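**Student:** Input coords00.cif, format and content: mmCIF, C-alpha atoms and all ligand atoms.
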```cif
data_run
#
loop_
_atom_site.label_atom_id
_atom_site.label_comp_id
_atom_site.auth_asym_id
_atom_site.auth_seq_id
_atom_site.Cartn_x
_atom_site.Cartn_y
_atom_site.Cartn_z
CA MET L 186 124.57 92.80 110.28
CA ALA L 187 121.51 92.38 108.17
CA LYS L 188 121.84 95.57 106.19
CA THR L 189 124.50 96.35 103.61
CA ALA L 190 125.80 99.78 102.69
CA GLY L 191 123.63 100.32 99.63
CA LYS L 192 123.53 102.75 96.76
CA VAL L 193 122.48 106.37 96.60
CA LEU L 194 120.33 107.86 93.88
CA ASN L 195 120.13 111.61 93.46
CA ASP L 196 116.60 112.63 92.62
CA PRO L 197 116.28 116.22 91.36
CA GLN L 198 113.29 117.01 93.63
CA ILE L 199 113.69 114.58 96.50
CA GLY L 200 117.47 114.69 96.96
CA GLU L 201 119.34 111.61 98.11
CA VAL L 202 117.48 108.33 98.10
CA VAL L 203 119.34 105.46 99.75
CA PHE L 204 118.74 101.96 98.35
CA ARG L 205 119.64 99.27 100.81
CA LYS L 206 119.52 95.49 100.47
CA SER L 207 118.51 93.57 103.55
CA THR L 208 118.66 89.89 104.36
CA ARG L 209 115.82 90.33 106.85
CA CYS L 210 113.34 92.06 104.64
CA ARG L 211 110.85 90.16 102.51
CA SER L 212 109.31 92.99 100.50
CA ILE L 213 110.26 96.44 99.26
CA GLY L 214 109.63 99.27 101.69
CA ILE L 215 110.01 103.01 101.25
CA ARG L 216 110.62 105.14 104.29
CA VAL L 217 110.23 108.91 104.33
CA HIS L 218 111.70 110.47 107.42
CA PRO L 219 111.68 114.25 108.05
CA VAL L 220 115.29 114.20 109.27
CA LYS L 221 116.86 110.97 108.00
CA GLY L 222 115.47 111.38 104.48
CA VAL L 223 114.20 108.80 102.02
CA SER L 224 115.34 105.20 101.95
CA VAL L 225 114.26 102.10 100.09
CA THR L 226 114.91 98.73 101.69
CA PHE L 227 114.46 95.57 99.70
CA PRO L 228 115.18 91.82 99.80
CA TYR L 229 118.73 90.70 99.13
CA ILE L 230 117.84 88.63 96.06
CA LEU L 231 116.23 91.56 94.22
CA PRO L 232 118.38 93.57 91.78
CA TYR L 233 118.84 97.30 92.43
CA ALA L 234 117.12 98.06 89.12
CA ALA L 235 113.90 96.44 90.36
CA ALA L 236 113.96 98.47 93.57
CA GLN L 237 114.60 101.66 91.59
CA ALA L 238 111.71 100.89 89.24
CA PHE L 239 109.46 100.37 92.29
CA PHE L 240 110.63 103.66 93.74
CA GLN L 241 109.84 105.51 90.48
CA LEU L 242 106.27 104.20 90.66
CA ARG L 243 105.87 105.55 94.19
CA ARG L 244 107.75 108.80 93.58
CA ASP L 245 104.62 110.99 93.68
CA TRP L 246 103.64 109.43 96.97
CA VAL L 247 107.10 110.21 98.37
CA LEU L 248 106.82 113.85 97.27
CA GLU L 249 103.35 114.15 98.82
CA THR L 250 104.53 112.59 102.06
CA MET L 251 107.50 114.96 102.22
CA ALA L 252 105.22 117.97 101.62
CA ARG L 253 102.83 116.79 104.32
CA GLN L 254 105.61 116.29 106.84
CA LYS L 255 107.01 119.71 106.06
CA ALA L 256 103.61 121.36 106.48
CA ARG L 257 103.04 119.56 109.75
CA LEU L 258 106.40 120.45 111.21
CA GLY L 259 106.00 124.02 109.98
CA ASN L 260 102.77 124.22 111.94
CA VAL L 261 104.28 123.24 115.26
CA HIS L 262 103.70 126.18 117.50
CA VAL L 263 102.78 126.58 121.12
CA ALA L 264 99.85 128.92 121.42
CA SER L 265 99.71 131.47 124.21
CA ALA L 266 96.67 131.88 126.47
CA GLU L 267 95.88 135.08 124.61
CA GLU L 268 95.93 133.33 121.25
CA ILE L 269 93.64 130.62 122.59
CA GLU L 270 91.18 133.21 123.89
CA ASP L 271 91.27 134.91 120.52
CA LEU L 272 90.52 131.61 118.78
CA ARG L 273 87.72 130.95 121.26
CA ARG L 274 86.11 134.31 120.48
CA GLN L 275 86.33 133.65 116.75
CA ALA L 276 85.03 130.11 117.18
CA LYS L 277 82.05 131.28 119.25
CA SER L 278 81.04 133.84 116.69
CA VAL L 279 81.59 131.72 113.56
CA LEU L 280 80.90 128.07 114.33
CA PRO L 281 77.44 127.96 116.01
CA PRO L 282 75.74 129.96 113.21
CA ARG L 283 77.40 127.84 110.52
CA LEU L 284 76.42 124.63 112.35
CA ALA L 285 72.82 125.86 112.55
CA GLU L 286 72.83 126.74 108.85
CA LEU L 287 74.18 123.33 107.78
CA ALA L 288 71.83 121.49 110.15
CA LEU L 289 68.83 123.33 108.75
CA ARG L 290 69.90 122.73 105.16
CA TYR L 291 70.38 118.97 105.61
CA GLY L 292 67.62 118.35 108.15
CA PHE L 293 69.67 117.60 111.27
CA VAL L 294 68.42 118.46 114.75
CA TYR L 295 70.95 118.78 117.55
CA ASN L 296 70.51 119.66 121.17
CA ARG L 297 73.33 121.99 122.19
CA VAL L 298 76.63 123.16 120.74
CA THR L 299 79.67 123.87 122.93
CA ILE L 300 83.03 125.29 121.92
CA LYS L 301 85.84 123.39 123.61
CA HIS L 302 89.60 123.45 123.72
CA ASN L 303 91.34 120.09 123.76
CA ALA L 304 94.24 118.39 122.09
CA SER L 305 92.53 115.11 121.26
CA ASN L 306 89.76 115.77 118.74
CA TRP L 307 88.34 118.37 116.35
CA GLY L 308 84.82 117.67 117.45
CA SER L 309 82.49 115.14 119.01
CA CYS L 310 78.81 114.33 119.21
CA SER L 311 77.14 112.73 122.22
CA SER L 312 74.27 110.26 122.15
CA LYS L 313 72.09 113.05 123.62
CA GLY L 314 72.67 115.10 120.50
CA ASN L 315 75.13 117.55 122.02
CA ILE L 316 77.88 118.67 119.67
CA ASN L 317 81.29 119.79 120.90
CA LEU L 318 83.50 121.76 118.53
CA ASN L 319 87.18 122.41 119.08
CA LEU L 320 88.09 126.09 118.89
CA ASN L 321 90.95 125.04 116.57
CA ILE L 322 88.38 124.57 113.80
CA VAL L 323 88.53 128.29 113.01
CA ARG L 324 92.18 127.85 111.98
CA LEU L 325 91.04 125.66 109.08
CA PRO L 326 89.92 126.94 105.68
CA ALA L 327 86.09 127.21 105.49
CA VAL L 328 85.65 124.08 103.37
CA LEU L 329 87.44 122.01 106.04
CA GLN L 330 85.52 123.73 108.85
CA ASP L 331 82.38 122.53 107.09
CA TYR L 332 83.83 119.01 106.89
CA ILE L 333 84.14 118.82 110.72
CA LEU L 334 80.69 120.30 111.26
CA LEU L 335 79.05 117.96 108.75
CA HIS L 336 80.92 114.99 110.21
CA GLU L 337 79.53 115.72 113.68
CA LEU L 338 76.04 116.38 112.33
CA CYS L 339 76.05 112.98 110.59
CA HIS L 340 76.83 111.39 113.96
CA LEU L 341 73.40 112.55 115.12
CA ARG L 342 72.01 109.78 112.89
CA HIS L 343 74.86 107.27 113.06
CA GLN L 344 77.05 107.12 116.15
CA ASP L 345 79.73 104.94 114.57
CA HIS L 346 81.87 105.29 111.47
CA GLY L 347 80.06 102.51 109.60
CA GLN L 348 78.91 102.42 106.01
CA ALA L 349 75.61 104.21 106.67
CA PHE L 350 77.46 107.05 108.37
CA HIS L 351 79.95 107.37 105.52
CA LEU L 352 77.31 107.24 102.78
CA LEU L 353 75.40 110.04 104.48
CA LEU L 354 78.53 112.11 105.09
CA GLU L 355 79.73 111.69 101.51
CA HIS L 356 76.30 112.75 100.28
CA VAL L 357 76.22 115.99 102.28
CA LEU L 358 79.90 116.72 101.54
CA THR L 359 79.21 116.39 97.82
CA ASP L 360 76.23 118.72 97.97
CA ASN L 361 78.16 121.22 100.08
CA ILE L 362 81.24 121.30 97.85
CA VAL L 363 79.04 121.95 94.81
CA LYS L 364 77.49 124.88 96.67
CA LEU L 365 80.95 126.17 97.66
CA MET L 366 82.09 125.99 94.04
CA ASP L 367 79.02 127.94 92.92
CA ASP L 368 79.75 130.64 95.46
CA PRO L 369 83.56 130.89 95.64
CA GLY L 370 85.04 132.25 98.87
CA PRO L 371 88.65 133.03 99.84
CA ASP L 372 89.65 129.35 99.65
CA ALA L 373 88.20 128.78 96.15
CA ASP L 374 91.50 127.28 94.96
CA LEU L 375 91.52 124.72 97.74
CA VAL L 376 87.86 123.86 97.11
CA SER L 377 88.51 123.09 93.45
CA GLU L 378 91.73 121.25 94.25
CA LEU L 379 89.91 119.00 96.73
CA ALA L 380 87.07 118.41 94.27
CA ARG L 381 89.58 117.48 91.58
CA LYS L 382 91.47 115.11 93.88
CA ALA L 383 88.22 113.48 95.02
CA ALA L 384 87.11 113.00 91.41
CA VAL L 385 90.14 110.85 90.64
CA SER L 386 90.44 109.19 94.06
CA LYS L 387 89.95 105.45 94.28
CA ALA L 388 88.90 105.67 97.93
CA CYS L 389 85.47 104.36 98.93
CA TYR L 390 84.46 107.76 100.21
CA PRO L 391 86.57 110.15 98.14
CA LEU L 392 85.61 113.53 99.63
CA ASP L 393 85.97 112.20 103.16
CA HIS L 394 89.35 110.78 102.15
CA VAL L 395 90.80 113.94 100.58
CA MET L 396 89.44 116.24 103.29
CA THR L 397 90.67 114.19 106.24
CA ARG L 398 94.09 114.06 104.57
CA GLU L 399 94.06 117.82 104.20
CA ILE L 400 93.03 118.32 107.84
CA LYS L 401 95.97 116.17 108.97
CA LYS L 402 98.24 119.01 107.85
CA TYR L 403 96.97 121.02 110.79
CA GLN L 404 97.84 120.37 114.39
CA LEU L 405 95.60 121.09 117.33
CA VAL L 406 97.10 123.81 119.53
ZN ZN M 501 83.35 110.70 113.83
#
```
Translate the structure described by the file into structure tokens.
Ligand SMILES: [Zn+2]
**Tutor:**
Amino acid sequence: MAKTAGKVLNDPQIGEVVFRKSTRCRSIGIRVHPVKGVSVTFPYILPYAAAQAFFQLRRDWVLETMARQKARLGNVHVASAEEIEDLRRQAKSVLPPRLAELALRYGFVYNRVTIKHNASNWGSCSSKGNINLNLNIVRLPAVLQDYILLHELCHLRHQDHGQAFHLLLEHVLTDNIVKLMDDPGPDADLVSELARKAAVSKACYPLDHVMTREIKKYQLV
């Protein structure tokens, strides 16, 4: 057997963290599993203290991952046909006017907007300039609804997810979040939290990064 029994650390917030030496593993790895819990596997020659120090450095990441998993599992729910129709009605009344407003503000011209229901994407944009929006978008807070809409609008100019696309998207996201902060709505707390996270993010495209992470907490129904 490659793995040995290992030691258990009791973290006040995380609970049990299992530290396990392995003859097979060449670097330290932390695993966060919704059912099996948190484990740290590291090379045989490394002392436990080194693995624990590594874990302490990544502790915030572990807590974030656990919170994200919990939110995702908490969201698992099979929607009824009635619920879907309700979402469709909301989506039809809310999304096309908001898309038109954002397009006008940032100078985008699209052909047609369609509200769709599918389990594979939040939205899409065809080369003919037709935008499809998933009715699930209305389940998101307004700032994240805008993210999807702006993402699809930017595809009118750049079909791929290359640098030009991302620079444009980051530009409009920045302008939009400033406007949302000036005119706080029901998700004002989330807006300022995302802005704060983006300000300290080391990602290339910080607003895109923090918003896509936030959207991952929601599942398409
Ligand atoms: Zn895209």
**Student:** Closest to Tyr229 (chain L) among L:Ser312, L:Asn317, L:Ser386, L:Ser212, using all atoms listed in the file?
**Tutor:** L:Ser212
**Student:** Using all atoms listed in the file, can you tell me which of L:Ile333, L:Leu338, L:Val202, L:Ala373 comes closest to Gln241 (chain L)?
**Tutor:** L:Val202
**Student:** Out of L:Thr359, L:Ser278, L:Ser265, L:Gln344, which residue has the shortest atom-to-atom distance to Tyr390 (chain L) when counting only C-alpha atoms?
**Tutor:** L:Thr359
**Student:** From the set L:Asp393, L:Glu286, L:Asp196, L:Glu249, which residue has the shortest atom-to-atom contact distance to Leu353 (chain L), counting only C-alpha atoms?
**Tutor:**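 When distances to Leu353 (chain L) are compared using only C-alpha atoms, the smallest one comes from L:Asp393.
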**Student:** Would you write out, as JSON lines, a table of all residues in chain L that have an atom no more than 9 Å from an atom of ligand ZN 501 (chain M), listing for each the closest atom pair and the distance in Å to one decimal, considering all atoms listed in the file and ordering rows by chain and rising residue number?
**Tutor:**
```
{"residue": "L:Gly308", "atom": "CA", "partner": "M:ZN501", "partner_atom": "ZN", "distance": 8.0}
{"residue": "L:Ser309", "atom": "CA", "partner": "M:ZN501", "partner_atom": "ZN", "distance": 6.9}
{"residue": "L:Cys310", "atom": "CA", "partner": "M:ZN501", "partner_atom": "ZN", "distance": 7.9}
{"residue": "L:Ile333", "atom": "CA", "partner": "M:ZN501", "partner_atom": "ZN", "distance": 8.7}
{"residue": "L:His336", "atom": "CA", "partner": "M:ZN501", "partner_atom": "ZN", "distance": 6.1}
{"residue": "L:Glu337", "atom": "CA", "partner": "M:ZN501", "partner_atom": "ZN", "distance": 6.3}
{"residue": "L:Cys339", "atom": "CA", "partner": "M:ZN501", "partner_atom": "ZN", "distance": 8.3}
{"residue": "L:His340", "atom": "CA", "partner": "M:ZN501", "partner_atom": "ZN", "distance": 6.6}
{"residue": "L:Gln344", "atom": "CA", "partner": "M:ZN501", "partner_atom": "ZN", "distance": 7.6}
{"residue": "L:Asp345", "atom": "CA", "partner": "M:ZN501", "partner_atom": "ZN", "distance": 6.8}
{"residue": "L:His346", "atom": "CA", "partner": "M:ZN501", "partner_atom": "ZN", "distance": 6.1}
{"residue": "L:Phe350", "atom": "CA", "partner": "M:ZN501", "partner_atom": "ZN", "distance": 8.8}
```
**Student:** Under the rule that only C-alpha atoms are counted, which of L:Lys402, L:Arg205, L:His351, L:His343 is the nearest residue to Pro326 (chain L)?
**Tutor:**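 Looking only at the distances to Pro326 (chain L), the closest residue turns out to be L:Lys402.
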**Student:** Restricting the calculation to all atoms listed in the file: of L:Asp374, L:Glu268, L:Asp331, L:Asp245, which residue gets closest to Arg283 (chain L)?
**Tutor:**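 Under the stated criterion, the closest residue is L:Asp331.
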**Student:** Give me the residues within 7 Å of Ala276 (chain L) as a PyMOL selection string, counting only C-alpha atoms and dropping any in the same chain fewer than 3 places off.
**Tutor:** chain L and resi 272-273+279-280+320+323
**Student:** Taking (79.6, 114.2, 100.8) as a centre in this file's frame and 10 Å as the limit, can you find every polymer residue with an atom that close, using all atoms listed in the file, and give them as a list in words?
**Tutor:**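 Every residue inside that radius is included here: Tyr332, Leu335, His336, His351, Leu352, Leu353, Leu354, Glu355, His356, Val357, Leu358, Thr359, Asp360, Asn361, Ile362, Val363, Tyr390, Pro391, Leu392 and Asp393 of chain L.
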**Student:** Separation of CA of Leu405 (chain L) and CA of Val298 (chain L), in Å?
**Tutor:**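 Result for CA of Leu405 (chain L) versus CA of Val298 (chain L): 19.4 Å, one decimal.
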**Student:** Quote the spacing between CA of Glu270 (chain L) and CA of Ile316 (chain L) in Å to one decimal place.
**Tutor:**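 Between CA of Glu270 (chain L) and CA of Ile316 (chain L) the gap is 20.2 Å.
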